[in-house]
Every structure is written in structure tokens, then in C-alpha cells.
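Printed here is query.pdb (PDB, C-alpha atoms, pLDDT in the B column):
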ATOM      1  CA  MET S   1    -159.028 -63.951  73.931  1.00 76.00           C
ATOM      2  CA  GLY S   2    -158.713 -65.549  70.522  1.00 79.00           C
ATOM      3  CA  TRP S   3    -158.140 -62.226  68.790  1.00 80.00           C
ATOM      4  CA  LEU S   4    -154.695 -61.875  70.399  1.00 86.00           C
ATOM      5  CA  THR S   5    -153.762 -65.546  70.617  1.00 87.00           C
ATOM      6  CA  THR S   6    -154.931 -67.363  67.463  1.00 84.00           C
ATOM      7  CA  GLU S   7    -156.079 -65.006  64.715  1.00 83.00           C
ATOM      8  CA  GLU S   8    -152.896 -64.738  62.698  1.00 85.00           C
ATOM      9  CA  LEU S   9    -152.808 -63.112  59.249  1.00 87.00           C
ATOM     10  CA  TRP S  10    -150.906 -64.859  56.443  1.00 89.00           C
ATOM     11  CA  TRP S  11    -150.235 -63.562  52.927  1.00 93.00           C
ATOM     12  CA  ASP S  12    -149.004 -65.592  49.982  1.00 95.00           C
ATOM     13  CA  GLY S  13    -146.087 -64.708  47.700  1.00 96.00           C
ATOM     14  CA  LYS S  14    -148.350 -62.548  45.541  1.00 97.00           C
ATOM     15  CA  GLY S  15    -149.498 -60.452  48.502  1.00 95.00           C
ATOM     16  CA  ARG S  16    -152.957 -62.030  48.785  1.00 95.00           C
ATOM     17  CA  LEU S  17    -154.411 -62.523  52.256  1.00 93.00           C
ATOM     18  CA  ARG S  18    -154.825 -66.269  52.798  1.00 93.00           C
ATOM     19  CA  THR S  19    -156.457 -66.198  56.255  1.00 89.00           C
ATOM     20  CA  HIS S  20    -159.595 -64.347  55.266  1.00 86.00           C
ATOM     21  CA  ALA S  21    -162.437 -66.703  56.163  1.00 85.00           C
ATOM     22  CA  PRO S  22    -163.472 -69.257  58.794  1.00 81.00           C
ATOM     23  CA  SER S  23    -162.230 -71.995  56.485  1.00 86.00           C
ATOM     24  CA  THR S  24    -158.688 -70.592  56.410  1.00 84.00           C
ATOM     25  CA  TYR S  25    -157.888 -69.958  60.082  1.00 78.00           C
ATOM     26  CA  LYS S  26    -158.699 -71.376  63.499  1.00 76.00           C
ATOM     27  CA  ILE S  27    -161.674 -69.645  65.058  1.00 78.00           C
ATOM     28  CA  PRO S  28    -161.477 -69.686  68.849  1.00 79.00           C
ATOM     29  CA  LEU S  29    -164.383 -71.398  70.590  1.00 82.00           C
ATOM     30  CA  ALA S  30    -165.818 -71.088  74.082  1.00 82.00           C
ATOM     31  CA  SER S  31    -164.342 -74.542  74.739  1.00 86.00           C
ATOM     32  CA  ASP S  32    -160.834 -73.115  74.115  1.00 80.00           C
ATOM     33  CA  ARG S  33    -160.948 -71.187  77.379  1.00 79.00           C
ATOM     34  CA  PRO S  34    -159.171 -72.544  80.467  1.00 81.00           C
ATOM     35  CA  ALA S  35    -161.111 -75.135  82.491  1.00 87.00           C
ATOM     36  CA  ILE S  36    -160.668 -72.947  85.572  1.00 89.00           C
ATOM     37  CA  PHE S  37    -161.305 -69.312  84.688  1.00 81.00           C
ATOM     38  CA  ASN S  38    -162.042 -67.308  87.821  1.00 84.00           C
ATOM     39  CA  VAL S  39    -163.007 -63.671  87.427  1.00 78.00           C
ATOM     40  CA  ASP S  40    -163.769 -61.100  90.116  1.00 77.00           C
ATOM     41  CA  LEU S  41    -165.449 -57.804  89.433  1.00 72.00           C
ATOM     42  CA  ALA S  42    -164.133 -54.675  91.101  1.00 72.00           C
ATOM     43  CA  GLU S  43    -166.314 -54.166  94.164  1.00 77.00           C
ATOM     44  CA  TRP S  44    -165.136 -50.574  94.521  1.00 77.00           C
ATOM     45  CA  SER S  45    -166.320 -49.500  91.069  1.00 68.00           C
ATOM     46  CA  GLU S  46    -169.813 -48.097  90.753  1.00 70.00           C
ATOM     47  CA  ASN S  47    -171.539 -46.441  87.835  1.00 65.00           C
ATOM     48  CA  ARG S  48    -173.752 -43.578  88.992  1.00 68.00           C
ATOM     49  CA  GLU S  49    -175.886 -43.762  85.859  1.00 70.00           C
ATOM     50  CA  MET S  50    -179.088 -45.803  86.049  1.00 70.00           C
ATOM     51  CA  THR S  51    -178.256 -48.228  83.237  1.00 70.00           C
ATOM     52  CA  ILE S  52    -178.984 -51.928  82.801  1.00 68.00           C
ATOM     53  CA  GLY S  53    -176.819 -53.738  85.298  1.00 67.00           C
ATOM     54  CA  ARG S  54    -174.986 -50.419  85.798  1.00 63.00           C
ATOM     55  CA  SER S  55    -173.171 -51.101  82.508  1.00 66.00           C
ATOM     56  CA  LYS S  56    -170.705 -48.532  81.247  1.00 64.00           C
ATOM     57  CA  ALA S  57    -170.304 -49.412  77.571  1.00 66.00           C
ATOM     58  CA  VAL S  58    -171.308 -51.739  74.777  1.00 64.00           C
ATOM     59  CA  GLY S  59    -169.631 -52.746  71.538  1.00 65.00           C
ATOM     60  CA  GLU S  60    -165.891 -52.408  71.091  1.00 66.00           C
ATOM     61  CA  PRO S  61    -164.780 -51.501  74.662  1.00 67.00           C
ATOM     62  CA  PRO S  62    -165.433 -55.034  75.981  1.00 67.00           C
ATOM     63  CA  PHE S  63    -163.636 -56.410  72.918  1.00 71.00           C
ATOM     64  CA  MET S  64    -160.516 -54.569  74.059  1.00 76.00           C
ATOM     65  CA  LEU S  65    -160.445 -56.696  77.216  1.00 79.00           C
ATOM     66  CA  GLY S  66    -158.547 -59.189  75.061  1.00 81.00           C
ATOM     67  CA  VAL S  67    -155.501 -56.999  75.652  1.00 87.00           C
ATOM     68  CA  SER S  68    -155.469 -58.339  79.224  1.00 87.00           C
ATOM     69  CA  VAL S  69    -154.861 -61.838  77.799  1.00 89.00           C
ATOM     70  CA  LEU S  70    -151.805 -60.623  75.895  1.00 92.00           C
ATOM     71  CA  GLU S  71    -150.559 -58.816  79.012  1.00 93.00           C
ATOM     72  CA  ALA S  72    -151.060 -61.938  81.165  1.00 93.00           C
ATOM     73  CA  LEU S  73    -149.055 -64.022  78.688  1.00 95.00           C
ATOM     74  CA  SER S  74    -146.363 -61.342  78.599  1.00 96.00           C
ATOM     75  CA  MET S  75    -146.105 -61.375  82.398  1.00 96.00           C
ATOM     76  CA  ALA S  76    -145.871 -65.180  82.370  1.00 96.00           C
ATOM     77  CA  VAL S  77    -142.971 -64.952  79.913  1.00 97.00           C
ATOM     78  CA  ALA S  78    -141.349 -62.218  82.027  1.00 97.00           C
ATOM     79  CA  SER S  79    -141.480 -64.536  85.048  1.00 97.00           C
ATOM     80  CA  VAL S  80    -138.974 -66.825  83.276  1.00 96.00           C
ATOM     81  CA  GLY S  81    -136.393 -64.065  83.635  1.00 94.00           C
ATOM     82  CA  GLY S  82    -137.433 -63.043  87.137  1.00 96.00           C
ATOM     83  CA  TYR S  83    -139.285 -59.982  85.789  1.00 96.00           C
ATOM     84  CA  ARG S  84    -135.964 -58.235  85.114  1.00 95.00           C
ATOM     85  CA  ARG S  85    -136.668 -57.633  81.413  1.00 94.00           C
ATOM     86  CA  CYS S  86    -139.720 -56.817  79.347  1.00 94.00           C
ATOM     87  CA  PRO S  87    -140.262 -59.737  76.975  1.00 95.00           C
ATOM     88  CA  GLN S  88    -140.691 -59.359  73.235  1.00 94.00           C
ATOM     89  CA  LEU S  89    -144.037 -61.058  72.631  1.00 94.00           C
ATOM     90  CA  ASP S  90    -145.673 -60.348  69.308  1.00 91.00           C
ATOM     91  CA  ALA S  91    -149.424 -60.483  68.707  1.00 90.00           C
ATOM     92  CA  PRO S  92    -151.079 -62.743  68.091  1.00 90.00           C
ATOM     93  CA  ALA S  93    -149.373 -64.601  70.917  1.00 93.00           C
ATOM     94  CA  THR S  94    -149.643 -68.048  69.359  1.00 91.00           C
ATOM     95  CA  PRO S  95    -148.152 -70.965  71.294  1.00 92.00           C
ATOM     96  CA  GLU S  96    -145.129 -70.842  68.980  1.00 94.00           C
ATOM     97  CA  ARG S  97    -144.556 -67.136  69.640  1.00 96.00           C
ATOM     98  CA  VAL S  98    -144.916 -67.615  73.395  1.00 97.00           C
ATOM     99  CA  LEU S  99    -142.342 -70.422  73.258  1.00 97.00           C
ATOM    100  CA  MET S 100    -139.952 -68.252  71.219  1.00 97.00           C
ATOM    101  CA  ALA S 101    -140.347 -65.421  73.747  1.00 97.00           C
ATOM    102  CA  VAL S 102    -139.635 -67.839  76.609  1.00 97.00           C
ATOM    103  CA  GLU S 103    -136.503 -69.085  74.845  1.00 97.00           C
ATOM    104  CA  ARG S 104    -135.299 -65.481  74.329  1.00 96.00           C
ATOM    105  CA  MET S 105    -135.812 -64.810  78.050  1.00 96.00           C
ATOM    106  CA  ARG S 106    -133.864 -67.950  78.984  1.00 96.00           C
ATOM    107  CA  LYS S 107    -130.929 -66.879  76.796  1.00 94.00           C
ATOM    108  CA  ALA S 108    -130.871 -63.297  78.144  1.00 88.00           C
TER     109      ALA S 108
END
Reformat the file's structure so that it appears as C-alpha cells.
Amino acid sequence: MGWLTTEELWWDGKGRLRTHAPSTYKIPLASDRPAIFNVDLAEWSENREMTIGRSKAVGEPPFMLGVSVLEALSMAVASVGGYRRCPQLDAPATPERVLMAVERMRKA
């Protein structure tokens, strides 16, 4: 979730990356998640392979679930315009970028 909402890269005037360590950018914590965060697993999906907990993958594939956070924010912004236009929401979708996208939808 934090990957697409808080981890923004910044370079200085000499082209040096300034957000390169935990001391230079906000690391998302488990406490940053919503207080109410309900998740349902697809009951219809079943892995035929006899794996631990019927898991399908490890490593990077679960990391890509962060894309759903960006899509959810994009749909929330689209709701401002009645879902008539696809919003321009850049990643990472920081609060400032979400607000700018909302303002663009209001003006359109």
C-alpha cells in the first residue's frame, strides 16, 4: 500500500537521489492502514496443487497487490466526476496528488 501512496522519489538540482534511505522518506507502517480494512477471499478460486494453504505464489506477485490501492484511489477520484472521465492520478498517489486529481475532476 505504501509503495504506491507514500514512497516518492526526489532528486536535487545536481541529479542526486535524496530519498534513498529510511531517514529521508516516510516508511509506511502497519498502523498507517485504515482502522476498518475488510478483505474477502474469492470463494470460487481453488488451487489444484497441494501447496501450503493452497498458495499460488510467493515473492513479488503479492507485492503487486499494491496496484489495487492505486486503482481504488483512482476510482474514488473518478466518483467526483460521476465516473464519466478517467482521472489523471500519478503514482505515488500521495494525499497532495489525490487532491490535485480531485480538483481536476471538479473543473472538468
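Protein, DNA and RNA residues at most 10 Å from (-147.5, -62.7, 70.9), with all atoms listed in the file, are these: Leu4, Thr5, Thr6, Leu70, Glu71, Leu73, Ser74, Pro87, Gln88, Leu89, Asp90, Ala91, Pro92, Ala93, Thr94, Pro95, Glu96, Arg97, Val98, Leu99, Met100 and Ala101 of chain S.
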>> Taking (-137.8, -68.6, 77.5) as a centre in this file's frame and 10 Å as the limit, can you find every polymer residue with an atom that close, using all atoms listed in the file, and give them as a PyMOL selection string?
In response: chain S and resi 77-81+87+98-108
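When atom CA of S:Val67 is paired with atom CA of S:Arg33, their separation reads 15.3 Å.
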Take every atom of stretch 82-94 of chain S listed in the file, pad by 3 Å on each side, and give me the axis-aligned box centre and edge lengths in Å, one decimal, as JSON.
{"center_x": -143.5, "center_y": -62.4, "center_z": 77.6, "size_x": 21.1, "size_y": 17.2, "size_z": 25.0}
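For the pair atom CA of S:Trp3 and atom CA of S:Arg84, the separation is 27.8 Å.
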> Quick one: of S:Met64, S:Cys86, S:Ala21, S:Val69, who's nearest to S:Pro34, counting all atoms listed in the file?
Replying inline: S:Val69
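Taking atom CA of S:Glu43 and atom CA of S:Ser68 as the two end points, the separation is 18.9 Å.
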> Which residues, written as an NGL selection string, have at least one atom at most 8 Å from S:Tyr25, with only C-alpha atoms counted and residues fewer than 4 positions away on the same chain left out?
Replying inline: :S and (7-8 or 19-21)
>> I need the residue nearest S:Gly2 from this list: S:Ser23, S:Phe37, S:Leu65, S:Thr51. Use all atoms listed in the file for the distance.
In response: S:Leu65
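When all atoms listed in the file are used to measure the gap to S:Pro28, the shortest distance among S:Arg85, S:Met1, S:Met75, S:Leu41 belongs to S:Met1.
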